[in-house]
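Q: One file: entry.pdb (PDB, C-alpha atoms).
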ATOM      1  CA  MET S   1      39.030  -2.595 -21.682
ATOM      2  CA  ASN S   2      37.127  -1.029 -18.790
ATOM      3  CA  PRO S   3      34.307  -3.339 -17.524
ATOM      4  CA  ALA S   4      31.981  -0.326 -17.347
ATOM      5  CA  SER S   5      32.228   0.046 -21.118
ATOM      6  CA  TYR S   6      30.736  -3.370 -21.926
ATOM      7  CA  SER S   7      27.110  -3.651 -22.924
ATOM      8  CA  PRO S   8      24.678  -5.145 -20.404
ATOM      9  CA  LEU S   9      24.212  -8.190 -22.616
ATOM     10  CA  ALA S  10      27.961  -8.755 -22.901
ATOM     11  CA  LEU S  11      28.172  -8.573 -19.106
ATOM     12  CA  ALA S  12      25.253 -11.006 -18.853
ATOM     13  CA  PHE S  13      27.057 -13.377 -21.211
ATOM     14  CA  ILE S  14      29.881 -13.856 -18.714
ATOM     15  CA  GLY S  15      27.700 -13.337 -15.640
ATOM     16  CA  ASP S  16      25.573 -16.319 -16.652
ATOM     17  CA  THR S  17      28.655 -18.522 -16.427
ATOM     18  CA  VAL S  18      29.715 -16.997 -13.102
ATOM     19  CA  PHE S  19      26.288 -17.722 -11.599
ATOM     20  CA  ASP S  20      26.271 -21.227 -13.076
ATOM     21  CA  LEU S  21      29.701 -21.955 -11.592
ATOM     22  CA  LEU S  22      28.573 -20.822  -8.135
ATOM     23  CA  VAL S  23      25.520 -23.086  -8.331
ATOM     24  CA  ARG S  24      27.583 -26.053  -9.484
ATOM     25  CA  GLU S  25      30.177 -25.446  -6.762
ATOM     26  CA  GLU S  26      27.428 -25.305  -4.136
ATOM     27  CA  LEU S  27      25.888 -28.561  -5.359
ATOM     28  CA  ILE S  28      29.215 -30.403  -5.443
ATOM     29  CA  LEU S  29      30.106 -29.254  -1.947
ATOM     30  CA  GLU S  30      26.711 -30.346  -0.585
ATOM     31  CA  ALA S  31      27.094 -33.995  -1.511
ATOM     32  CA  ASN S  32      28.669 -36.423  -3.922
ATOM     33  CA  ARG S  33      25.808 -37.511  -6.157
ATOM     34  CA  PRO S  34      25.158 -38.804  -9.665
ATOM     35  CA  VAL S  35      25.800 -36.373 -12.501
ATOM     36  CA  LYS S  36      22.196 -36.532 -13.710
ATOM     37  CA  GLU S  37      21.010 -35.471 -10.269
ATOM     38  CA  LEU S  38      23.589 -32.665 -10.209
ATOM     39  CA  HIS S  39      22.471 -31.506 -13.640
ATOM     40  CA  ASN S  40      18.785 -31.476 -12.701
ATOM     41  CA  ALA S  41      19.461 -29.594  -9.460
ATOM     42  CA  ALA S  42      21.631 -27.048 -11.287
ATOM     43  CA  ALA S  43      19.049 -26.547 -14.030
ATOM     44  CA  SER S  44      16.393 -25.748 -11.437
ATOM     45  CA  LYS S  45      18.614 -23.055  -9.882
ATOM     46  CA  VAL S  46      19.927 -21.366 -13.023
ATOM     47  CA  CYS S  47      16.611 -20.976 -14.856
ATOM     48  CA  ALA S  48      15.292 -17.445 -15.258
ATOM     49  CA  SER S  49      12.500 -17.835 -12.697
ATOM     50  CA  ALA S  50      14.905 -19.057 -10.006
ATOM     51  CA  GLN S  51      17.413 -16.312 -10.809
ATOM     52  CA  ALA S  52      14.647 -13.693 -10.673
ATOM     53  CA  GLU S  53      13.616 -14.886  -7.216
ATOM     54  CA  SER S  54      17.250 -14.956  -6.114
ATOM     55  CA  VAL S  55      18.014 -11.383  -7.117
ATOM     56  CA  LYS S  56      14.871 -10.091  -5.409
ATOM     57  CA  LYS S  57      16.325 -11.324  -2.110
ATOM     58  CA  VAL S  58      19.283  -8.937  -2.356
ATOM     59  CA  MET S  59      17.770  -5.895  -4.063
ATOM     60  CA  ASP S  60      17.662  -3.958  -0.784
ATOM     61  CA  ILE S  61      21.392  -4.361  -0.128
ATOM     62  CA  LEU S  62      22.714  -3.514  -3.583
ATOM     63  CA  THR S  63      24.759  -0.367  -3.736
ATOM     64  CA  GLU S  64      23.531   2.461  -5.945
ATOM     65  CA  GLU S  65      26.092   1.475  -8.588
ATOM     66  CA  GLU S  66      25.143  -2.216  -8.421
ATOM     67  CA  LEU S  67      21.465  -1.356  -8.722
ATOM     68  CA  GLU S  68      22.208   0.739 -11.801
ATOM     69  CA  ILE S  69      24.123  -2.166 -13.391
ATOM     70  CA  PHE S  70      21.244  -4.513 -12.581
ATOM     71  CA  LYS S  71      18.685  -2.130 -14.078
ATOM     72  CA  ARG S  72      20.687  -1.682 -17.272
ATOM     73  CA  GLY S  73      20.792  -5.463 -17.653
ATOM     74  CA  ARG S  74      17.137  -5.886 -16.775
ATOM     75  CA  ASN S  75      16.131  -3.260 -19.324
ATOM     76  CA  ALA S  76      18.338  -4.610 -22.125
ATOM     77  CA  HIS S  77      16.593  -6.077 -25.141
ATOM     78  CA  PRO S  78      18.099  -9.502 -25.897
ATOM     79  CA  GLY S  79      16.007  -9.992 -29.015
ATOM     80  CA  SER S  80      14.067 -13.008 -27.806
ATOM     81  CA  THR S  81      12.710 -14.609 -24.654
ATOM     82  CA  PRO S  82      12.716 -18.375 -24.133
ATOM     83  CA  LYS S  83       9.233 -19.851 -24.559
ATOM     84  CA  ASN S  84       9.236 -21.536 -21.147
ATOM     85  CA  GLN S  85      10.129 -18.369 -19.170
ATOM     86  CA  SER S  86       8.126 -15.240 -18.423
ATOM     87  CA  GLY S  87       9.461 -12.043 -19.911
ATOM     88  CA  ALA S  88       9.705 -10.405 -16.482
ATOM     89  CA  ASP S  89      11.698 -13.303 -15.029
ATOM     90  CA  TYR S  90      13.988 -13.352 -18.038
ATOM     91  CA  HIS S  91      14.713  -9.638 -17.708
ATOM     92  CA  TYR S  92      15.399  -9.935 -13.971
ATOM     93  CA  ALA S  93      17.724 -12.873 -14.654
ATOM     94  CA  THR S  94      19.557 -10.842 -17.294
ATOM     95  CA  GLY S  95      19.942  -8.032 -14.767
ATOM     96  CA  LEU S  96      21.441 -10.432 -12.233
ATOM     97  CA  GLU S  97      23.793 -11.890 -14.822
ATOM     98  CA  SER S  98      24.863  -8.396 -15.911
ATOM     99  CA  LEU S  99      25.649  -7.490 -12.313
ATOM    100  CA  PHE S 100      27.634 -10.671 -11.720
ATOM    101  CA  GLY S 101      29.458 -10.219 -15.025
ATOM    102  CA  ARG S 102      30.491  -6.688 -14.156
ATOM    103  CA  LEU S 103      31.588  -7.611 -10.633
ATOM    104  CA  TYR S 104      33.553 -10.536 -12.042
ATOM    105  CA  LEU S 105      35.369  -8.419 -14.610
ATOM    106  CA  GLU S 106      36.206  -5.918 -11.883
ATOM    107  CA  GLY S 107      37.695  -8.736  -9.800
ATOM    108  CA  ARG S 108      35.110  -8.325  -7.049
ATOM    109  CA  ILE S 109      34.711 -12.042  -6.369
ATOM    110  CA  ASP S 110      34.140 -11.513  -2.623
ATOM    111  CA  ARG S 111      31.125  -9.314  -3.383
ATOM    112  CA  ILE S 112      29.742 -11.891  -5.811
ATOM    113  CA  ARG S 113      30.073 -14.597  -3.153
ATOM    114  CA  GLU S 114      28.487 -12.350  -0.530
ATOM    115  CA  LEU S 115      25.470 -11.647  -2.735
ATOM    116  CA  TYR S 116      25.177 -15.274  -3.800
ATOM    117  CA  SER S 117      25.221 -16.490  -0.188
ATOM    118  CA  LEU S 118      22.330 -14.152   0.614
ATOM    119  CA  MET S 119      20.286 -15.473  -2.303
ATOM    120  CA  LYS S 120      19.907 -18.947  -0.833
TER     121      LYS S 120
END
Would you kindly transcribe this structure into structure tokens?

A:
Amino acid sequence: MNPASYSPLALAFIGDTVFDLLVREELILEANRPVKELHNAAASKVCASAQAESVKKVMDILTEEELEIFKRGRNAHPGSTPKNQSGADYHYATGLESLFGRLYLEGRIDRIRELYSLMK
């Protein structure tokens, strides 16, 4: 199936895992540390507020197509918002995850890594 035909929330479903993997890879490569410490550090980077801040750092360099994918994800209605996250942050995070999901399904791993490196 063509990645462009998936819904924004389906793209976010896989994009969430792609982002999480990048965070975990980064943490492992930084230092060998206890799993609890790794988990806590990862949780602080994959929460909606952190993802929202991350995507704002690269908004200006997204292509027109990437920006459209992000906006479709941001504007999707997931049905509920976690209690501990603002609605705006959650929508921005969903937009980021949709973008990463689409890029992943298109095999554009280099672009994902480029964007992720600029989010730090």

Q: Here is a test: counting only C-alpha atoms, which residue of S:Ser49, S:Gln85, S:Thr94, S:Ser54 is nearest to Phe70 of chain S?

A: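 The shortest atom-to-atom distance to Phe70 of chain S comes from S:Thr94.
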
Q: Can you tell me which residues surround Tyr90 of chain S at a distance of at most 12 Å, considering only C-alpha atoms, apart from same-chain residues fewer than 6 positions away, and format the answer as a list of chain:residue names?

A: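 Near Tyr90 of chain S, the qualifying residues are S:Ala12, S:Val46, S:Cys47, S:Ala48, S:Ser49, S:Ala50, S:Gln51, S:Ala52, S:Glu53, S:Val55, S:Gly73, S:Arg74, S:Asn75, S:Ala76, S:His77, S:Pro78, S:Gly79, S:Ser80, S:Thr81, S:Pro82, S:Lys83, S:Asn84, S:Leu96, S:Glu97.
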
Q: Excluding same-chain residues fewer than 6 positions from segment 4-6 of chain S, what lies within 12 Å of it counting only C-alpha atoms, as an MDAnalysis selection string?

A: chainID S and resid 12:14 65:66 68:69 72:73 98:99 101:106

Q: Using all atoms listed in the file, which protein or nucleic acid residues come within 7 Å of segment 18-29 of chain S? Drop anything in the same chain fewer than 3 positions from it, and give the result as a list in words.

A: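 The contact residues come out as Ile14, Gly15, Asn32, Leu38, Ala42, Val46 and Phe100 of chain S.
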
Q: Write the selection just made, keeping C-alpha atoms, as a tab-separated table (two decimals), keeping the file's coordinate frame?

A:
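Done, and the output landed in again-v6.tsv:
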chain	number	residue	atom	x	y	z
S	14	ILE	CA	29.88	-13.86	-18.71
S	15	GLY	CA	27.70	-13.34	-15.64
S	32	ASN	CA	28.67	-36.42	-3.92
S	38	LEU	CA	23.59	-32.66	-10.21
S	42	ALA	CA	21.63	-27.05	-11.29
S	46	VAL	CA	19.93	-21.37	-13.02
S	100	PHE	CA	27.63	-10.67	-11.72

Q: Mind giving me the straight-line distance from atom CA of Ala41 of chain S to atom CA of Ala88 of chain S in Å, one decimal?

A: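 Straight-line distance from atom CA of Ala41 of chain S to atom CA of Ala88 of chain S works out to 22.6 Å.
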
Q: So what do you get for atom CA of Met119 of chain S versus atom CA of Met59 of chain S, distance-wise?

A: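 About the pair atom CA of Met119 of chain S and atom CA of Met59 of chain S: they are 10.1 Å apart.
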
Q: Around all of segment 27-31 of chain S's listed atoms, make the axis-aligned box with 6 Å on each side and tell me centre and edge lengths in Å to one decimal, as AutoDock Vina command-line options.

A:
--center_x 28.0 --center_y -31.3 --center_z -3.0 --size_x 16.2 --size_y 17.4 --size_z 16.9

Q: Rounded to one decimal place, report the atom CA of Ala93 of chain S-atom CA of Lys45 of chain S distance in Å.

A: 11.3 Å

Q: Select, from S:Asp60, S:Gly87, S:Pro3, S:Leu11, the residue with the minimum atom-to-atom distance to Gly107 of chain S, counting only C-alpha atoms.

A: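 So, comparing all the options, the nearest one is S:Pro3.
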
Q: Can I get segment 51-68 of chain S with N, CA and C atoms filled in, as a compact mmCIF listing (two decimals), in the frame of the given file?

A:
# COMPACT_ATOMS: atom_id res chain seq x y z
N GLN S 51 16.50 -17.45 -10.90
CA GLN S 51 17.41 -16.31 -10.81
C GLN S 51 16.65 -15.04 -10.44
N ALA S 52 15.46 -14.87 -10.99
CA ALA S 52 14.65 -13.69 -10.67
C ALA S 52 14.31 -13.67 -9.18
N GLU S 53 13.91 -14.81 -8.65
CA GLU S 53 13.62 -14.89 -7.22
C GLU S 53 14.87 -14.63 -6.39
N SER S 54 15.99 -15.13 -6.84
CA SER S 54 17.25 -14.96 -6.11
C SER S 54 17.64 -13.49 -6.02
N VAL S 55 17.58 -12.78 -7.13
CA VAL S 55 18.01 -11.38 -7.12
C VAL S 55 17.07 -10.51 -6.29
N LYS S 56 15.82 -10.86 -6.22
CA LYS S 56 14.87 -10.09 -5.41
C LYS S 56 15.25 -10.13 -3.92
N LYS S 57 15.92 -11.18 -3.52
CA LYS S 57 16.32 -11.32 -2.11
C LYS S 57 17.42 -10.35 -1.71
N VAL S 58 18.16 -9.82 -2.68
CA VAL S 58 19.28 -8.94 -2.36
C VAL S 58 19.10 -7.51 -2.88
N MET S 59 17.98 -7.22 -3.48
CA MET S 59 17.77 -5.90 -4.06
C MET S 59 17.99 -4.78 -3.04
N ASP S 60 17.57 -5.00 -1.81
CA ASP S 60 17.66 -3.96 -0.78
C ASP S 60 19.09 -3.67 -0.32
N ILE S 61 20.01 -4.58 -0.60
CA ILE S 61 21.39 -4.36 -0.13
C ILE S 61 22.36 -4.01 -1.26
N LEU S 62 21.85 -3.91 -2.47
CA LEU S 62 22.71 -3.51 -3.58
C LEU S 62 23.10 -2.06 -3.42
N THR S 63 24.33 -1.76 -3.75
CA THR S 63 24.76 -0.37 -3.74
C THR S 63 24.06 0.36 -4.88
N GLU S 64 24.13 1.66 -4.87
CA GLU S 64 23.53 2.46 -5.94
C GLU S 64 24.12 2.07 -7.30
N GLU S 65 25.43 1.87 -7.34
CA GLU S 65 26.09 1.48 -8.59
C GLU S 65 25.65 0.08 -9.03
N GLU S 66 25.57 -0.85 -8.09
CA GLU S 66 25.14 -2.22 -8.42
C GLU S 66 23.70 -2.22 -8.92
N LEU S 67 22.86 -1.43 -8.30
CA LEU S 67 21.46 -1.36 -8.72
C LEU S 67 21.36 -0.80 -10.14
N GLU S 68 22.19 0.17 -10.45
CA GLU S 68 22.21 0.74 -11.80
C GLU S 68 22.65 -0.31 -12.83
